[in-house]
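Only one structure is covered here, and it is reproduced in the block below.
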Amino acid sequence: MEILQAKSVNKVFYRPAPVEEHSVVGKIRGWFSPPKQQFKVIDDVSLAVKKGEFVGLLGTNGSGKTTLLKLLTGILQADSGQLNVLGHHPVKERKAYTQKIGAVFGQKSLLWWNVAIIESFQLYAAIYKLSRSEASQRIEELSNLLGLESLLTSPPKKLSLGQRMKAEVAASLLHRPELIFLDEPTIALDPVSRLNLMNFLLQLNREHGTTIIMTSHNMADVHHYCQRSVIMNAGRVIYDGRTSELLSYEHFKILEIKTLSALDEQLLAGFEYELVEDNYYRIKTSNDQAKETLSRLAFQPQVADVSISPPSLDHAIHHFMTSVRE
Ligand SMILES: Nc1ncnc2c1ncn2[C@@H]1O[C@H](COP(=O)(O)OP(=O)(O)OP(=O)(O)O)[C@@H](O)[C@H]1O
């Protein structure tokens, strides 16, 4: 069942135009009313998301990911196109709509800066009309899962960026939304907190069928958690499909070999390889040649360990974006 439909959505922003005026009067006029030029930040974007999907929204800096999330959450209004999310227009039916979604934007905090986190949580619980017992049960549950117990009495201004991000996530989930939008949720988190948060989101997705749409530059997270990837470039969607499919755009594999002593130079001749450290080789081999490379190198007597893997998602996306631009 599709719960999100966006059809031919467009959004224009304005940016300062280069000043071409050379006369003094013209320059002064330019200071008071600087010339602007418009650019399409979201360009004819169509997207359909089914209940229970875990979608990664990817793309280079400035490609329009955050803006698209703002349109989908109703923070911004599209200039044209149609949007229907959970049966609502995100802007026109904002009140009913926000009861059903959760949203985390790094730059736009849900929490009050000087107020203890627990009080912000209680306020949100009241806005979402949770009963007292529901509220304390959910605050406790989320605090346990995200490791927030010792931070509840601190205001955001006294927390680190990563701690604040976890509190933001908890605040956005208090009302158990069916759909969550997250803008780079793991950007400030240490590796342990990152994995905890991602596993927590996966648990929500798998066990409660919560639909998740997340922007990220962390390709390891996207590879591991998002079955579907949507890649944006200059405001347009240039890829929408299975994340694993993206890997097939790269036609090579990585063979890693650890040895007890150095491999014979002659054996490695003709291969594109890197000596990661003593007795640790990383060899790039085309998909067609992978079997042959493996049989030639892996069965040498000094070989201690061998692994073969696809290229990283970073490589695959780089390859995909380069081929699209060419
Ligand atoms: N309020 C605004 N007014 C004018 N331009 C804006 C505004 N907000 C964003 N932009 C511009 O719109 C473009 C897209 O920005 P957006 O934040 O959506 O990109 P992004 O893909 O999320 O980037 P990043 O990965 O760096 O977070 C950028 O060129 C940005 O400078």
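Within each chain, counting starts at residue 1; across the structure tokens, chains are named A, B, ... in the order shown, with ligands numbered 1 upward in that order.
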### Task
Throw together the list of residues within 10 Å of ligand 1, counting only C-alpha atoms and all ligand atoms, and drop it here as a count of residues only.
38
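Around Thr153 of chain A, within 9 Å and counting only C-alpha atoms, the residues found are Val115, Ala116, Ile117, Ile118 and Glu119 of chain A, once anything fewer than 6 positions away on its own chain is removed.
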### Task
Give me the residues within 8 Å of segment 81-97 of chain A as a list in words, counting only C-alpha atoms and dropping any in the same chain fewer than 3 places off.
Ile3, Leu4, Gln5, Ala6, Lys7, Ser8, Val9, Asn10, Asp44, Leu71, Leu72, Thr73, Gly74, Ile75, Leu76, Gln77, Ala78, Lys100 and Ile101 of chain A
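Of the listed residues (A:Ser109, A:Asn114, A:Thr211, A:Ser80), A:Thr211 comes nearest to Gly52 of chain A; the distances count only C-alpha atoms.
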### Task
With a distance cut-off of 12 Å and only C-alpha atoms, select the neighbouring residues of Thr293 of chain A, excluding the residue or stretch itself and same-chain residues fewer than 2 positions from it, and output the selection as an MDAnalysis selection string.
chainID A and resid 252:257 267:273 283:291 295:300 306 308
### Task
Please measure the separation of atom CA of Gln37 of chain A and atom CA of Tyr239 of chain A, giving the value in Å to one decimal.
28.1 Å
### Query
Can you tell me, as a list in words, what residues are no more than 6 Å from segment 156-172 of chain A when counting only C-alpha atoms, ignoring any on the same chain fewer than 3 positions away?
Gly102, Ala103, Trp113, Phe121, Leu142, Ala188 and Leu189 of chain A
### Task
Extract, using only C-alpha atoms, all DNA, RNA and protein residues at most 10 Å from Leu201 of chain A, discarding same-chain residues fewer than 3 positions from it, and format them as a count of residues only.
15
Determine which residues of segment 122-251 of chain A DSSP labels as alpha helix (DSSP H) from the backbone of this structure, then write them out as a compact mmCIF listing (two decimals) with all heavy atoms, in the first residue's frame.
```txt
# COMPACT_ATOMS: atom_id res chain seq x y z
N GLN A 122 7.66 15.83 27.89
CA GLN A 122 6.31 15.86 28.49
C GLN A 122 5.38 16.80 27.72
O GLN A 122 4.20 16.52 27.53
CB GLN A 122 6.40 16.25 29.97
CG GLN A 122 6.85 15.07 30.81
CD GLN A 122 7.44 15.47 32.15
OE1 GLN A 122 7.74 16.64 32.39
NE2 GLN A 122 7.65 14.49 33.02
N LEU A 123 5.98 17.90 27.25
CA LEU A 123 5.19 18.87 26.48
C LEU A 123 4.73 18.23 25.17
O LEU A 123 3.56 18.37 24.77
CB LEU A 123 6.05 20.09 26.19
CG LEU A 123 5.28 21.37 26.14
CD1 LEU A 123 4.94 21.83 27.54
CD2 LEU A 123 6.09 22.43 25.43
N TYR A 124 5.65 17.52 24.51
CA TYR A 124 5.25 16.85 23.26
C TYR A 124 4.18 15.78 23.54
O TYR A 124 3.24 15.63 22.77
CB TYR A 124 6.45 16.23 22.54
CG TYR A 124 7.15 17.25 21.68
CD1 TYR A 124 8.39 17.75 22.02
CD2 TYR A 124 6.53 17.76 20.53
CE1 TYR A 124 9.01 18.73 21.26
CE2 TYR A 124 7.13 18.73 19.76
CZ TYR A 124 8.37 19.21 20.13
OH TYR A 124 8.96 20.17 19.37
N ALA A 125 4.36 15.07 24.64
CA ALA A 125 3.38 14.04 24.99
C ALA A 125 1.99 14.68 25.13
O ALA A 125 0.99 14.13 24.67
CB ALA A 125 3.79 13.34 26.28
N ALA A 126 1.95 15.90 25.72
CA ALA A 126 0.66 16.59 25.88
C ALA A 126 0.14 17.03 24.51
O ALA A 126 -1.06 16.89 24.22
CB ALA A 126 0.85 17.79 26.80
N ILE A 127 1.03 17.54 23.65
CA ILE A 127 0.60 17.97 22.30
C ILE A 127 0.02 16.78 21.54
O ILE A 127 -0.98 16.89 20.85
CB ILE A 127 1.79 18.59 21.52
CG1 ILE A 127 2.19 19.92 22.16
CG2 ILE A 127 1.45 18.79 20.05
CD1 ILE A 127 3.48 20.53 21.65
N ARG A 132 -1.08 10.25 30.79
CA ARG A 132 0.09 10.35 31.66
C ARG A 132 0.89 9.03 31.67
O ARG A 132 2.11 9.02 31.56
CB ARG A 132 -0.37 10.64 33.08
CG ARG A 132 0.46 11.63 33.80
CD ARG A 132 -0.32 12.01 35.03
NE ARG A 132 -0.56 13.42 35.03
CZ ARG A 132 -0.07 14.23 35.97
NH1 ARG A 132 0.65 13.75 36.94
NH2 ARG A 132 -0.30 15.51 35.93
N SER A 133 0.15 7.91 31.78
CA SER A 133 0.87 6.63 31.87
C SER A 133 1.52 6.26 30.53
O SER A 133 2.64 5.77 30.49
CB SER A 133 -0.05 5.52 32.37
OG SER A 133 -1.07 5.32 31.44
N GLU A 134 0.80 6.57 29.43
CA GLU A 134 1.40 6.31 28.10
C GLU A 134 2.68 7.11 27.95
O GLU A 134 3.70 6.60 27.49
CB GLU A 134 0.44 6.76 26.99
CG GLU A 134 -0.53 5.72 26.49
CD GLU A 134 -1.49 6.33 25.48
OE1 GLU A 134 -1.84 7.53 25.58
OE2 GLU A 134 -1.88 5.60 24.58
N ALA A 135 2.59 8.39 28.35
CA ALA A 135 3.74 9.28 28.19
C ALA A 135 4.93 8.75 28.98
O ALA A 135 6.03 8.60 28.43
CB ALA A 135 3.38 10.69 28.65
N SER A 136 4.72 8.41 30.26
CA SER A 136 5.90 7.99 31.04
C SER A 136 6.43 6.65 30.55
O SER A 136 7.65 6.43 30.53
CB SER A 136 5.63 7.99 32.54
OG SER A 136 4.46 7.30 32.79
N GLN A 137 5.52 5.79 30.08
CA GLN A 137 5.98 4.50 29.55
C GLN A 137 6.85 4.70 28.30
O GLN A 137 7.93 4.12 28.16
CB GLN A 137 4.77 3.65 29.22
CG GLN A 137 5.10 2.21 28.86
CD GLN A 137 4.03 1.61 27.97
OE1 GLN A 137 2.87 2.01 28.02
NE2 GLN A 137 4.42 0.66 27.15
N ARG A 138 6.41 5.58 27.40
CA ARG A 138 7.17 5.79 26.15
C ARG A 138 8.48 6.54 26.39
O ARG A 138 9.48 6.25 25.75
CB ARG A 138 6.32 6.53 25.12
CG ARG A 138 5.23 5.60 24.66
CD ARG A 138 4.60 6.01 23.41
NE ARG A 138 3.32 5.34 23.32
CZ ARG A 138 2.33 5.75 22.56
NH1 ARG A 138 2.47 6.82 21.82
NH2 ARG A 138 1.21 5.08 22.54
N ILE A 139 8.43 7.50 27.31
CA ILE A 139 9.67 8.23 27.62
C ILE A 139 10.69 7.25 28.19
O ILE A 139 11.86 7.24 27.80
CB ILE A 139 9.41 9.40 28.60
CG1 ILE A 139 8.58 10.48 27.90
CG2 ILE A 139 10.71 9.99 29.12
CD1 ILE A 139 8.07 11.60 28.79
N GLU A 140 10.22 6.37 29.06
CA GLU A 140 11.12 5.41 29.68
C GLU A 140 11.68 4.45 28.62
O GLU A 140 12.89 4.20 28.55
CB GLU A 140 10.37 4.62 30.76
CG GLU A 140 11.30 3.84 31.64
CD GLU A 140 10.54 2.95 32.63
OE1 GLU A 140 9.44 3.33 33.06
OE2 GLU A 140 11.07 1.87 32.92
N GLU A 141 10.78 3.97 27.77
CA GLU A 141 11.17 3.00 26.74
C GLU A 141 12.23 3.61 25.79
O GLU A 141 13.29 3.03 25.56
CB GLU A 141 9.91 2.64 25.95
CG GLU A 141 10.06 1.57 24.92
CD GLU A 141 8.74 1.40 24.15
OE1 GLU A 141 8.30 2.35 23.47
OE2 GLU A 141 8.15 0.34 24.26
N LEU A 142 11.93 4.82 25.30
CA LEU A 142 12.85 5.45 24.35
C LEU A 142 14.16 5.83 25.03
O LEU A 142 15.24 5.72 24.43
CB LEU A 142 12.20 6.70 23.73
CG LEU A 142 11.12 6.39 22.70
CD1 LEU A 142 10.25 7.61 22.41
CD2 LEU A 142 11.74 5.88 21.41
N SER A 143 14.08 6.29 26.28
CA SER A 143 15.30 6.66 26.99
C SER A 143 16.20 5.45 27.18
O SER A 143 17.42 5.54 27.01
CB SER A 143 14.97 7.26 28.36
OG SER A 143 14.11 8.32 28.21
N ASN A 144 15.58 4.30 27.51
CA ASN A 144 16.37 3.08 27.67
C ASN A 144 17.02 2.68 26.37
O ASN A 144 18.22 2.42 26.31
CB ASN A 144 15.47 1.90 28.09
CG ASN A 144 15.10 1.98 29.54
OD1 ASN A 144 15.78 2.68 30.30
ND2 ASN A 144 14.03 1.31 29.93
N LEU A 145 16.22 2.68 25.31
CA LEU A 145 16.73 2.21 24.02
C LEU A 145 17.82 3.10 23.47
O LEU A 145 18.76 2.65 22.84
CB LEU A 145 15.58 2.12 23.01
CG LEU A 145 14.66 0.94 23.20
CD1 LEU A 145 13.38 1.10 22.41
CD2 LEU A 145 15.37 -0.34 22.76
N LEU A 146 17.70 4.40 23.73
CA LEU A 146 18.68 5.33 23.15
C LEU A 146 19.74 5.77 24.17
O LEU A 146 20.58 6.61 23.86
CB LEU A 146 17.95 6.56 22.58
CG LEU A 146 17.12 6.29 21.33
CD1 LEU A 146 16.15 7.41 21.05
CD2 LEU A 146 18.02 6.07 20.13
N LEU A 161 26.51 17.37 20.63
CA LEU A 161 25.67 17.29 19.43
C LEU A 161 25.04 15.89 19.28
O LEU A 161 23.86 15.75 18.98
CB LEU A 161 26.56 17.61 18.21
CG LEU A 161 25.87 17.80 16.88
CD1 LEU A 161 24.83 18.90 16.97
CD2 LEU A 161 26.91 18.15 15.82
N GLY A 162 25.86 14.87 19.54
CA GLY A 162 25.37 13.50 19.40
C GLY A 162 24.29 13.18 20.43
O GLY A 162 23.28 12.55 20.12
N GLN A 163 24.50 13.65 21.67
CA GLN A 163 23.49 13.41 22.72
C GLN A 163 22.18 14.11 22.36
O GLN A 163 21.09 13.57 22.55
CB GLN A 163 24.02 13.95 24.07
CG GLN A 163 25.17 13.14 24.62
CD GLN A 163 25.84 13.83 25.79
OE1 GLN A 163 25.86 15.06 25.90
NE2 GLN A 163 26.42 13.04 26.68
N ARG A 164 22.32 15.31 21.80
CA ARG A 164 21.14 16.07 21.43
C ARG A 164 20.39 15.37 20.30
O ARG A 164 19.17 15.31 20.29
CB ARG A 164 21.57 17.46 20.98
CG ARG A 164 20.66 18.53 21.48
CD ARG A 164 21.32 19.88 21.48
NE ARG A 164 21.77 20.32 20.19
CZ ARG A 164 22.94 20.91 19.97
NH1 ARG A 164 23.77 21.07 20.95
NH2 ARG A 164 23.27 21.31 18.77
N MET A 165 21.15 14.81 19.36
CA MET A 165 20.52 14.13 18.24
C MET A 165 19.69 12.95 18.73
O MET A 165 18.58 12.71 18.26
CB MET A 165 21.61 13.67 17.25
CG MET A 165 21.10 13.30 15.91
SD MET A 165 20.01 14.53 15.19
CE MET A 165 20.87 14.99 13.74
N LYS A 166 20.21 12.23 19.71
CA LYS A 166 19.46 11.08 20.25
C LYS A 166 18.17 11.56 20.92
O LYS A 166 17.11 10.96 20.77
CB LYS A 166 20.32 10.30 21.24
CG LYS A 166 21.38 9.47 20.53
CD LYS A 166 22.01 8.48 21.46
CE LYS A 166 23.27 9.01 22.07
NZ LYS A 166 23.99 8.05 22.87
N ALA A 167 18.28 12.69 21.64
CA ALA A 167 17.09 13.24 22.29
C ALA A 167 16.07 13.71 21.25
O ALA A 167 14.86 13.56 21.43
CB ALA A 167 17.49 14.39 23.22
N GLU A 168 16.58 14.28 20.15
CA GLU A 168 15.69 14.73 19.06
C GLU A 168 14.91 13.53 18.50
O GLU A 168 13.71 13.60 18.26
CB GLU A 168 16.50 15.33 17.90
CG GLU A 168 17.21 16.62 18.20
CD GLU A 168 16.29 17.82 18.20
OE1 GLU A 168 15.19 17.74 17.65
OE2 GLU A 168 16.69 18.85 18.78
N VAL A 169 15.65 12.44 18.29
CA VAL A 169 15.02 11.24 17.73
C VAL A 169 13.93 10.75 18.70
O VAL A 169 12.81 10.45 18.28
CB VAL A 169 16.06 10.13 17.45
CG1 VAL A 169 15.39 8.83 17.07
CG2 VAL A 169 17.01 10.57 16.35
N ALA A 170 14.26 10.71 19.99
CA ALA A 170 13.27 10.25 20.97
C ALA A 170 12.04 11.14 20.94
O ALA A 170 10.90 10.66 20.92
CB ALA A 170 13.90 10.23 22.37
N ALA A 171 12.24 12.47 20.89
CA ALA A 171 11.10 13.40 20.89
C ALA A 171 10.22 13.16 19.67
O ALA A 171 8.99 13.24 19.75
CB ALA A 171 11.61 14.85 20.90
N SER A 172 10.85 12.84 18.55
CA SER A 172 10.07 12.68 17.31
C SER A 172 9.29 11.35 17.29
O SER A 172 8.42 11.16 16.46
CB SER A 172 10.99 12.74 16.09
OG SER A 172 11.69 11.52 15.97
N LEU A 173 9.64 10.45 18.22
CA LEU A 173 9.02 9.12 18.19
C LEU A 173 8.00 8.88 19.31
O LEU A 173 7.39 7.82 19.37
CB LEU A 173 10.11 8.04 18.28
CG LEU A 173 11.10 7.97 17.12
CD1 LEU A 173 12.14 6.91 17.38
CD2 LEU A 173 10.37 7.69 15.82
N PRO A 191 30.60 5.72 16.82
CA PRO A 191 30.22 4.46 16.16
C PRO A 191 29.23 3.60 16.96
O PRO A 191 28.31 3.00 16.39
CB PRO A 191 31.55 3.72 15.99
CG PRO A 191 32.58 4.78 16.04
CD PRO A 191 32.05 5.88 16.90
N VAL A 192 29.39 3.58 18.28
CA VAL A 192 28.49 2.74 19.09
C VAL A 192 27.08 3.33 19.08
O VAL A 192 26.08 2.63 18.82
CB VAL A 192 29.02 2.62 20.54
CG1 VAL A 192 28.04 1.87 21.42
CG2 VAL A 192 30.38 1.94 20.55
N SER A 193 26.98 4.64 19.30
CA SER A 193 25.66 5.28 19.29
C SER A 193 25.03 5.19 17.91
O SER A 193 23.81 5.05 17.78
CB SER A 193 25.77 6.76 19.68
OG SER A 193 26.34 6.88 20.93
N ARG A 194 25.87 5.29 16.87
CA ARG A 194 25.34 5.22 15.50
C ARG A 194 24.68 3.86 15.27
O ARG A 194 23.54 3.78 14.78
CB ARG A 194 26.48 5.43 14.50
CG ARG A 194 25.98 5.90 13.17
CD ARG A 194 27.08 5.92 12.14
NE ARG A 194 27.14 4.64 11.48
CZ ARG A 194 28.25 3.94 11.30
NH1 ARG A 194 29.40 4.39 11.70
NH2 ARG A 194 28.20 2.78 10.69
N LEU A 195 25.41 2.82 15.64
CA LEU A 195 24.85 1.48 15.43
C LEU A 195 23.61 1.27 16.29
O LEU A 195 22.62 0.68 15.83
CB LEU A 195 25.89 0.40 15.75
CG LEU A 195 26.93 0.19 14.65
CD1 LEU A 195 27.85 -0.96 15.00
CD2 LEU A 195 26.26 -0.09 13.30
N ASN A 196 23.64 1.76 17.53
CA ASN A 196 22.46 1.62 18.40
C ASN A 196 21.26 2.30 17.77
O ASN A 196 20.16 1.73 17.73
CB ASN A 196 22.72 2.26 19.77
CG ASN A 196 23.58 1.37 20.63
OD1 ASN A 196 23.75 0.19 20.32
ND2 ASN A 196 24.13 1.92 21.69
N LEU A 197 21.47 3.52 17.27
CA LEU A 197 20.35 4.26 16.70
C LEU A 197 19.85 3.56 15.42
O LEU A 197 18.64 3.38 15.24
CB LEU A 197 20.76 5.71 16.38
CG LEU A 197 19.68 6.54 15.71
CD1 LEU A 197 18.43 6.64 16.57
CD2 LEU A 197 20.17 7.94 15.37
N MET A 198 20.77 3.15 14.57
CA MET A 198 20.35 2.51 13.31
C MET A 198 19.63 1.19 13.60
O MET A 198 18.63 0.88 12.96
CB MET A 198 21.56 2.28 12.39
CG MET A 198 22.15 3.55 11.80
SD MET A 198 20.98 4.65 10.99
CE MET A 198 20.28 3.62 9.73
N ASN A 199 20.14 0.43 14.56
CA ASN A 199 19.48 -0.84 14.89
C ASN A 199 18.10 -0.59 15.50
O ASN A 199 17.15 -1.34 15.25
CB ASN A 199 20.34 -1.67 15.85
CG ASN A 199 21.52 -2.28 15.12
OD1 ASN A 199 21.45 -2.52 13.91
ND2 ASN A 199 22.62 -2.50 15.82
N PHE A 200 18.02 0.48 16.26
CA PHE A 200 16.74 0.87 16.85
C PHE A 200 15.73 1.21 15.74
O PHE A 200 14.57 0.77 15.76
CB PHE A 200 16.97 2.06 17.79
CG PHE A 200 15.73 2.68 18.30
CD1 PHE A 200 14.87 1.99 19.13
CD2 PHE A 200 15.40 3.98 17.95
CE1 PHE A 200 13.71 2.58 19.61
CE2 PHE A 200 14.25 4.58 18.42
CZ PHE A 200 13.40 3.87 19.25
N LEU A 201 16.18 1.98 14.75
CA LEU A 201 15.30 2.33 13.62
C LEU A 201 14.89 1.07 12.86
O LEU A 201 13.74 0.92 12.46
CB LEU A 201 16.00 3.32 12.67
CG LEU A 201 16.26 4.72 13.24
CD1 LEU A 201 17.08 5.55 12.25
CD2 LEU A 201 14.95 5.44 13.56
N LEU A 202 15.84 0.17 12.69
CA LEU A 202 15.54 -1.08 11.97
C LEU A 202 14.50 -1.90 12.73
O LEU A 202 13.58 -2.48 12.14
CB LEU A 202 16.83 -1.89 11.79
CG LEU A 202 16.72 -3.11 10.90
CD1 LEU A 202 16.41 -2.69 9.46
CD2 LEU A 202 18.01 -3.92 10.92
N GLN A 203 14.63 -1.89 14.04
CA GLN A 203 13.67 -2.61 14.88
C GLN A 203 12.27 -2.01 14.72
O GLN A 203 11.28 -2.73 14.57
CB GLN A 203 14.14 -2.50 16.33
CG GLN A 203 13.42 -3.41 17.29
CD GLN A 203 13.88 -3.14 18.72
OE1 GLN A 203 14.97 -2.60 18.95
NE2 GLN A 203 13.05 -3.49 19.67
N LEU A 204 12.19 -0.67 14.74
CA LEU A 204 10.89 0.00 14.53
C LEU A 204 10.31 -0.38 13.18
O LEU A 204 9.12 -0.64 13.03
CB LEU A 204 11.07 1.52 14.52
CG LEU A 204 11.22 2.27 15.81
CD1 LEU A 204 11.29 3.76 15.53
CD2 LEU A 204 10.04 2.00 16.73
N ASN A 205 11.20 -0.42 12.18
CA ASN A 205 10.79 -0.71 10.82
C ASN A 205 10.29 -2.15 10.70
O ASN A 205 9.22 -2.41 10.15
CB ASN A 205 12.00 -0.45 9.90
CG ASN A 205 11.76 -0.86 8.47
OD1 ASN A 205 12.28 -1.87 8.02
ND2 ASN A 205 10.95 -0.10 7.76
N ARG A 206 11.06 -3.09 11.27
CA ARG A 206 10.72 -4.52 11.12
C ARG A 206 9.56 -4.94 12.00
O ARG A 206 8.67 -5.66 11.58
CB ARG A 206 11.94 -5.37 11.46
CG ARG A 206 13.07 -5.17 10.48
CD ARG A 206 13.65 -6.52 10.03
NE ARG A 206 14.61 -6.31 8.96
CZ ARG A 206 15.87 -6.68 9.03
NH1 ARG A 206 16.32 -7.29 10.11
NH2 ARG A 206 16.68 -6.49 8.00
N GLU A 207 9.61 -4.48 13.27
CA GLU A 207 8.62 -5.01 14.22
C GLU A 207 7.31 -4.23 14.22
O GLU A 207 6.26 -4.79 14.49
CB GLU A 207 9.22 -5.04 15.64
CG GLU A 207 10.30 -6.10 15.73
CD GLU A 207 11.03 -6.08 17.05
OE1 GLU A 207 10.55 -5.45 18.00
OE2 GLU A 207 12.11 -6.70 17.11
N HIS A 208 7.40 -2.93 13.90
CA HIS A 208 6.17 -2.12 13.94
C HIS A 208 5.73 -1.67 12.56
O HIS A 208 4.75 -0.95 12.43
CB HIS A 208 6.36 -0.89 14.84
CG HIS A 208 6.70 -1.25 16.26
ND1 HIS A 208 5.73 -1.51 17.20
CD2 HIS A 208 7.88 -1.43 16.88
CE1 HIS A 208 6.32 -1.81 18.35
NE2 HIS A 208 7.63 -1.77 18.17
N MET A 219 27.44 5.74 3.61
CA MET A 219 27.03 4.68 2.70
C MET A 219 27.00 3.30 3.37
O MET A 219 26.27 2.42 2.94
CB MET A 219 27.95 4.64 1.47
CG MET A 219 27.77 5.84 0.57
SD MET A 219 26.04 6.05 0.08
CE MET A 219 25.68 7.60 0.80
N ALA A 220 27.80 3.14 4.43
CA ALA A 220 27.77 1.85 5.13
C ALA A 220 26.38 1.67 5.76
O ALA A 220 25.77 0.59 5.68
CB ALA A 220 28.85 1.81 6.20
N ASP A 221 25.84 2.75 6.34
CA ASP A 221 24.50 2.67 6.93
C ASP A 221 23.46 2.39 5.86
O ASP A 221 22.58 1.54 6.03
CB ASP A 221 24.12 4.01 7.60
CG ASP A 221 24.81 4.20 8.93
OD1 ASP A 221 25.43 3.24 9.41
OD2 ASP A 221 24.75 5.33 9.48
N VAL A 222 23.58 3.12 4.76
CA VAL A 222 22.59 2.96 3.69
C VAL A 222 22.63 1.53 3.16
O VAL A 222 21.60 0.87 2.99
CB VAL A 222 22.86 3.98 2.55
CG1 VAL A 222 21.96 3.71 1.35
CG2 VAL A 222 22.66 5.40 3.06
N HIS A 223 23.84 1.04 2.93
CA HIS A 223 24.01 -0.32 2.41
C HIS A 223 23.37 -1.34 3.34
O HIS A 223 22.67 -2.25 2.93
CB HIS A 223 25.52 -0.58 2.27
CG HIS A 223 25.83 -1.83 1.51
ND1 HIS A 223 27.09 -2.22 1.19
CD2 HIS A 223 25.02 -2.77 1.00
CE1 HIS A 223 27.05 -3.34 0.52
NE2 HIS A 223 25.81 -3.71 0.39
N HIS A 224 23.60 -1.14 4.62
CA HIS A 224 23.16 -2.13 5.60
C HIS A 224 21.67 -2.04 5.93
O HIS A 224 21.02 -3.04 6.14
CB HIS A 224 23.99 -1.95 6.88
CG HIS A 224 23.91 -3.11 7.80
ND1 HIS A 224 24.59 -4.27 7.55
CD2 HIS A 224 23.22 -3.30 8.93
CE1 HIS A 224 24.31 -5.12 8.51
NE2 HIS A 224 23.49 -4.56 9.36
N TYR A 225 21.14 -0.80 5.99
CA TYR A 225 19.78 -0.63 6.53
C TYR A 225 18.70 -0.28 5.52
O TYR A 225 17.54 -0.57 5.75
CB TYR A 225 19.79 0.44 7.63
CG TYR A 225 20.63 0.05 8.82
CD1 TYR A 225 21.96 0.45 8.92
CD2 TYR A 225 20.10 -0.74 9.83
CE1 TYR A 225 22.74 0.08 10.01
CE2 TYR A 225 20.87 -1.11 10.92
CZ TYR A 225 22.19 -0.70 11.00
OH TYR A 225 22.95 -1.08 12.06
N THR A 243 18.91 -0.80 -3.18
CA THR A 243 20.27 -0.38 -2.88
C THR A 243 21.26 -1.41 -3.42
O THR A 243 22.30 -1.05 -3.99
CB THR A 243 20.43 -0.21 -1.35
OG1 THR A 243 19.44 0.71 -0.92
CG2 THR A 243 21.80 0.30 -0.98
N SER A 244 20.90 -2.69 -3.29
CA SER A 244 21.83 -3.74 -3.74
C SER A 244 22.05 -3.67 -5.26
O SER A 244 23.13 -4.00 -5.74
CB SER A 244 21.30 -5.12 -3.34
OG SER A 244 19.99 -5.27 -3.83
N GLU A 245 21.04 -3.20 -5.99
CA GLU A 245 21.17 -3.07 -7.45
C GLU A 245 22.27 -2.08 -7.82
O GLU A 245 22.91 -2.22 -8.86
CB GLU A 245 19.86 -2.55 -8.05
CG GLU A 245 18.83 -3.60 -8.32
CD GLU A 245 19.21 -4.41 -9.55
OE1 GLU A 245 19.40 -3.80 -10.61
OE2 GLU A 245 19.33 -5.64 -9.42
N LEU A 246 22.43 -1.08 -6.96
CA LEU A 246 23.43 -0.05 -7.26
C LEU A 246 24.82 -0.65 -7.39
O LEU A 246 25.64 -0.19 -8.17
CB LEU A 246 23.46 0.98 -6.13
CG LEU A 246 22.50 2.15 -6.24
CD1 LEU A 246 22.45 2.89 -4.93
CD2 LEU A 246 22.93 3.09 -7.36
N LEU A 247 25.04 -1.70 -6.59
CA LEU A 247 26.37 -2.31 -6.59
C LEU A 247 26.70 -2.96 -7.93
O LEU A 247 27.85 -3.09 -8.30
CB LEU A 247 26.49 -3.34 -5.46
CG LEU A 247 26.41 -2.72 -4.07
CD1 LEU A 247 26.26 -3.79 -3.03
CD2 LEU A 247 27.65 -1.88 -3.78
```
